[in-house]
Amino acid sequence: MTLPHLSRLIVTIDAGVARVVIDNPPVNVLDAALAGELVTLLDVLRDDPTVRVIVFESANPDFFIAHVDMTLIDTPTAFDEVARRLPAAPNPFQALALRLRAQPQLTIVKLEGQARGGGAEFVAAADLSFAALESAGLGQIEALMGILPGGAGTQLLSERTTRGRALEIVLGADLFDAATAERYGWINRALPAADLDGFVDRLARNIAALPEGVIAAAKTALPPLDLDVGLQREHDAWAGLFTRPAAEALIRGGLKDGAQTPDGERTLEALLRRLWERLRPT
Amino acid sequence: MTLPHLSRLIVTIDAGVARVVIDNPPVNVLDAALAGELVTLLDVLRDDPTVRVIVFESANPDFFIAHVDMTLIDTPTAFDEVARRLPAAPNPFQALALRLRAQPQLTIVKLEGQARGGGAEFVAAADLSFAALESAGLGQIEALMGILPGGAGTQLLSERTTRGRALEIVLGADLFDAATAERYGWINRALPAADLDGFVDRLARNIAALPEGVIAAAKTALPPLDLDVGLQREHDAWAGLFTRPAAEALIRGGLKDGAQTPDGERTLEALLRRLWERLRPT
Amino acid sequence: MTLPHLSRLIVTIDAGVARVVIDNPPVNVLDAALAGELVTLLDVLRDDPTVRVIVFESANPDFFIAHVDMTLIDTPTAFDEVARRLPAAPNPFQALALRLRAQPQLTIVKLEGQARGGGAEFVAAADLSFAALESAGLGQIEALMGILPGGAGTQLLSERTTRGRALEIVLGADLFDAATAERYGWINRALPAADLDGFVDRLARNIAALPEGVIAAAKTALPPLDLDVGLQREHDAWAGLFTRPAAEALIRGGLKDGAQTPDGERTLEALLRRLWERLRPT
């Protein structure tokens, strides 16, 4: 297999395991360029039977994928081109989640830093996820922008946790630590940061070494839930909010206040809450 | 909004959060009068868009809602009037659970004390629930009265935990502490009692402050499971037991032995087990 | 009730609880003889309304049920006779799981030692399961033999845990300790070994003492998931692997290397991984 030229993904393949390091400074926002590279890579790997497992990690220890690029508010067609390369879905972000779920390889996320919004949805769309106890953070904080998770997040949470906990995640809009995310079933496990690499590497190698056909058979026997009805419901709920003035004001204002910079991102929930305090009608 | 006169509920509204303190001495049994006031309140709040979140708590630190009033065995029509104000369901207790689930506000239970039977079903019918590690207790102890949870409890448990754990809860009929209830997914979280108020208050205020439409959209994207088939199955299973002599003997005998008094309620499981030891056919 | 003569099961009945001690040396493999005795016992108990609860445990502290007899690779029809006494299912191992699930008594597994493959599926097919923190182990390690759990294991896992955790269990093919199995929802609870007997005995006695009809009503209100579609999917995925050369080489080679002996069984995962290192095509 010849890997295509990619500038935001560093890919190495060894013993049937593809390691994909996401590197889209400064905070790994999921913009159209990164999404495009991810789809290119998934397409190439899909046709390579020697690759059995794909491990996603980040070049930035603080951020896995920060979230979807908030500047999309000004370039609403930016994902159109990527969407044409993805399965049909009510919106491109859901399509990306479906694409990742359909990958024949087993996909694993190794989460050292933070993943919010579309970044958290990427984690949940992967087959397996392991996170560092001391540093990882997961948040569906879209409510703080006046919207909802619209990239399959509500449905992926419904698969994994109770409705009450999913409502707490989506409406509480807090950043969850790895231990709580594990207790809620959001990820497979939280591990001490010192053990994370070793655990994931061993698991990935063991799975990549299985006799041919076992991974495909397991994915057949344990199929993803039928997400179709839920994705449409999620999209409609999300789209009804996205067109309201509050969402636009929060997304534009958030960018002005420091979102998508490393400092602003680390405590993005507080940044957005302060902004809404100023903006909200009284 | 003008709140109606209520004698068993103390209601205060601030910053979009309605705090509802249940006060039906001596142990907050769910009798027809309390159920009626709850329905009245839910009806009034339903039409008030300025209230976004409803937090339920108890005036009695030992008991949230003890359980359904056991004296109903002698007044089987007591809930008929309330039932006429509730959605159609196989029985009035299921109807109350459906009514609570249908509330447009996000509903949260703050559980400091014990909740058994219909009290535990009320906790599970709320959207979110948080309990004090040191003092809270949850029990579906209907089996000790010769019946089953008949107010949606079996179905609400099925949503949240595995079949094996639901069977353990329903047939083991023990009082569960908050830590175990959290591990089983029965509640959102167990928290140190000292942190419970602060945690729930912050969460309620944050959610109440979200831009308009977000709560409704989240409830649309994360809908309750379709409970219809399950509720009928639960009701039939419950009704088949309720008409047996054992149930009547246990409910009447339990009342005689101290149920619905504070002392009897604290260890109601032991009281009912001792009673059955005396009553059961040998 | 007169118990039939059984040589691999030691059965005692007291206070409505049948205790079944599995004793099939050296490691309690699930062979046709043991399966036959299990079906005989379940059939007899099914018709005895005085028995309310069945507790399964092992005479061997190290192994509950090691797994399905690997020598079946040479005697593929060995389960045919047992299968004729079981419900219709795509294969006999799934049929045994369905049979256990259909038992009118509440079934409980007390797990002190290890249970892999078909042994782990037996644990998951029982209604309730409790395991010793210090010594119990659960593993769906079929992938290491080039196959998948084919005795309902994938579907029983899907009922209990998230898809990601089920994939980790099935493809990671590691032996899970009791604490992790509890966190994943695979078993009801992990308990200190010193408390396990007391906890299970008390629970079994309490449930056996419930008024008549309560257990049946609970099983009606909390029905098993409809497994039909899933079982066929699982069987097809399993059967497609079982006919491949890798599976045969791993099963035969595993037996030669010490599988089904106590020493080989204790670390069966490592034994099979070493074997595959030698066998796998490079």
# chains A, B, ... in the order shown; residues from 1 in each chain; ligands from 1
$ residues_around --residues "stretch 94-110 of chain C" --least-positions-apart "6" --cutoff "9 Å" --atoms "only C-alpha atoms" --output "PyMOL selection string"
(chain B and resi 167) or (chain C and resi 35+39+42-43+45-47+49+51-58+64+82-83+86-88+121-132+150-153+196-197+200+204+207-208+215-216+219+224+227+231+235)
$ interface_residues --of "chain B" --to "chain C" --cutoff "6 Å" --atoms "only C-alpha atoms" --output "list in words"
Gly146, Thr162, Gly164, Arg165, Leu171, Gly172, Arg233, Glu234 and Ala237 of chain B
$ select_by_dssp --residues "stretch 100-256 of chain C" --states "helix (DSSP H, G or I)" --output "number ranges by chain"
C: 100-101, 118-125, 142-145, 153-160, 163-172, 178-183, 193-208, 214-221, 228-242, 245-256
$ residues_around --residues "B:Leu6" --least-positions-apart "3" --cutoff "8 Å" --atoms "only C-alpha atoms" --output "list in words"
Leu9, Ile10 and Glu37 of chain B
$ write_last_selection --atoms "N, CA and C atoms" --output "short mmCIF file (atom, residue, chain, number, x, y, z; two decimals), in the first residue's frame"
data_model
loop_
_atom_site.label_atom_id
_atom_site.label_comp_id
_atom_site.auth_asym_id
_atom_site.auth_seq_id
_atom_site.Cartn_x
_atom_site.Cartn_y
_atom_site.Cartn_z
N LEU B 9 -46.42 20.11 49.27
CA LEU B 9 -45.26 20.47 48.44
C LEU B 9 -44.91 21.93 48.72
N ILE B 10 -43.63 22.17 49.01
CA ILE B 10 -43.15 23.54 49.20
C ILE B 10 -42.36 23.89 47.95
N GLU B 37 -51.38 16.50 44.38
CA GLU B 37 -50.63 17.77 44.39
C GLU B 37 -49.49 17.73 43.39
#
$ decode --residues "stretch 92-134 of chain C" --atoms "N, CA and C atoms" --output "compact mmCIF listing (two decimals), in the first residue's frame"
# COMPACT_ATOMS: atom_id res chain seq x y z
N PRO C 92 -25.91 -26.38 19.08
CA PRO C 92 -26.24 -26.95 20.40
C PRO C 92 -25.80 -26.08 21.58
N PHE C 93 -24.73 -25.31 21.40
CA PHE C 93 -24.24 -24.51 22.51
C PHE C 93 -25.17 -23.32 22.76
N GLN C 94 -25.68 -22.74 21.68
CA GLN C 94 -26.71 -21.70 21.83
C GLN C 94 -27.97 -22.31 22.45
N ALA C 95 -28.29 -23.54 22.04
CA ALA C 95 -29.49 -24.18 22.57
C ALA C 95 -29.39 -24.37 24.08
N LEU C 96 -28.18 -24.71 24.56
CA LEU C 96 -27.99 -24.88 26.00
C LEU C 96 -28.19 -23.55 26.73
N ALA C 97 -27.69 -22.47 26.14
CA ALA C 97 -27.88 -21.16 26.75
C ALA C 97 -29.37 -20.80 26.80
N LEU C 98 -30.07 -21.04 25.71
CA LEU C 98 -31.51 -20.76 25.69
C LEU C 98 -32.25 -21.60 26.73
N ARG C 99 -31.81 -22.87 26.85
CA ARG C 99 -32.46 -23.76 27.81
C ARG C 99 -32.29 -23.24 29.24
N LEU C 100 -31.08 -22.79 29.56
CA LEU C 100 -30.83 -22.27 30.91
C LEU C 100 -31.67 -21.02 31.15
N ARG C 101 -31.75 -20.14 30.14
CA ARG C 101 -32.54 -18.92 30.28
C ARG C 101 -34.02 -19.21 30.48
N ALA C 102 -34.48 -20.35 29.96
CA ALA C 102 -35.91 -20.65 30.03
C ALA C 102 -36.30 -21.34 31.34
N GLN C 103 -35.33 -21.62 32.18
CA GLN C 103 -35.65 -22.32 33.43
C GLN C 103 -36.60 -21.48 34.28
N PRO C 104 -37.66 -22.09 34.85
CA PRO C 104 -38.59 -21.27 35.65
C PRO C 104 -37.96 -20.79 36.96
N GLN C 105 -37.01 -21.55 37.50
CA GLN C 105 -36.33 -21.08 38.71
C GLN C 105 -35.42 -19.88 38.39
N LEU C 106 -35.10 -19.11 39.42
CA LEU C 106 -34.06 -18.12 39.26
C LEU C 106 -32.72 -18.84 39.35
N THR C 107 -31.85 -18.63 38.37
CA THR C 107 -30.56 -19.31 38.35
C THR C 107 -29.44 -18.32 38.71
N ILE C 108 -28.53 -18.79 39.55
CA ILE C 108 -27.43 -17.95 40.06
C ILE C 108 -26.13 -18.71 39.89
N VAL C 109 -25.10 -18.04 39.37
CA VAL C 109 -23.76 -18.62 39.34
C VAL C 109 -22.91 -17.99 40.44
N LYS C 110 -22.26 -18.85 41.21
CA LYS C 110 -21.27 -18.41 42.21
C LYS C 110 -19.91 -18.77 41.65
N LEU C 111 -19.15 -17.77 41.27
CA LEU C 111 -17.92 -17.98 40.50
C LEU C 111 -16.69 -17.72 41.35
N GLU C 112 -16.04 -18.81 41.76
CA GLU C 112 -14.80 -18.67 42.53
C GLU C 112 -13.58 -18.72 41.63
N GLY C 113 -13.63 -19.53 40.58
CA GLY C 113 -12.47 -19.76 39.73
C GLY C 113 -12.66 -19.18 38.34
N GLN C 114 -12.05 -19.85 37.36
CA GLN C 114 -12.05 -19.32 36.00
C GLN C 114 -13.14 -19.96 35.15
N ALA C 115 -13.64 -19.17 34.23
CA ALA C 115 -14.63 -19.68 33.26
C ALA C 115 -14.31 -19.03 31.93
N ARG C 116 -13.97 -19.84 30.96
CA ARG C 116 -13.62 -19.32 29.63
C ARG C 116 -14.59 -19.89 28.59
N GLY C 117 -14.66 -19.24 27.45
CA GLY C 117 -15.41 -19.78 26.32
C GLY C 117 -16.81 -20.19 26.73
N GLY C 118 -17.16 -21.45 26.46
CA GLY C 118 -18.48 -21.94 26.80
C GLY C 118 -18.78 -21.89 28.29
N GLY C 119 -17.75 -21.88 29.11
CA GLY C 119 -17.95 -21.72 30.56
C GLY C 119 -18.39 -20.31 30.88
N ALA C 120 -17.75 -19.33 30.24
CA ALA C 120 -18.17 -17.93 30.43
C ALA C 120 -19.57 -17.71 29.87
N GLU C 121 -19.89 -18.40 28.79
CA GLU C 121 -21.25 -18.27 28.23
C GLU C 121 -22.28 -18.86 29.19
N PHE C 122 -21.93 -19.93 29.88
CA PHE C 122 -22.84 -20.49 30.87
C PHE C 122 -23.10 -19.47 31.98
N VAL C 123 -22.04 -18.81 32.44
CA VAL C 123 -22.20 -17.78 33.48
C VAL C 123 -23.16 -16.70 33.00
N ALA C 124 -22.97 -16.26 31.77
CA ALA C 124 -23.79 -15.15 31.25
C ALA C 124 -25.21 -15.58 30.94
N ALA C 125 -25.43 -16.86 30.71
CA ALA C 125 -26.79 -17.33 30.42
C ALA C 125 -27.60 -17.51 31.70
N ALA C 126 -26.93 -17.61 32.85
CA ALA C 126 -27.66 -17.68 34.12
C ALA C 126 -28.27 -16.30 34.41
N ASP C 127 -29.29 -16.28 35.27
CA ASP C 127 -29.95 -15.01 35.54
C ASP C 127 -29.05 -14.05 36.30
N LEU C 128 -28.39 -14.53 37.37
CA LEU C 128 -27.55 -13.69 38.23
C LEU C 128 -26.16 -14.33 38.35
N SER C 129 -25.15 -13.51 38.58
CA SER C 129 -23.80 -14.06 38.75
C SER C 129 -23.01 -13.19 39.70
N PHE C 130 -22.29 -13.86 40.61
CA PHE C 130 -21.48 -13.19 41.62
C PHE C 130 -20.12 -13.87 41.63
N ALA C 131 -19.05 -13.07 41.70
CA ALA C 131 -17.71 -13.62 41.51
C ALA C 131 -16.77 -13.16 42.60
N ALA C 132 -15.78 -14.00 42.90
CA ALA C 132 -14.78 -13.69 43.92
C ALA C 132 -13.73 -12.74 43.37
N LEU C 133 -13.55 -11.63 44.08
CA LEU C 133 -12.61 -10.60 43.64
C LEU C 133 -11.20 -11.14 43.45
N GLU C 134 -10.77 -12.01 44.34
CA GLU C 134 -9.36 -12.43 44.34
C GLU C 134 -9.06 -13.52 43.32
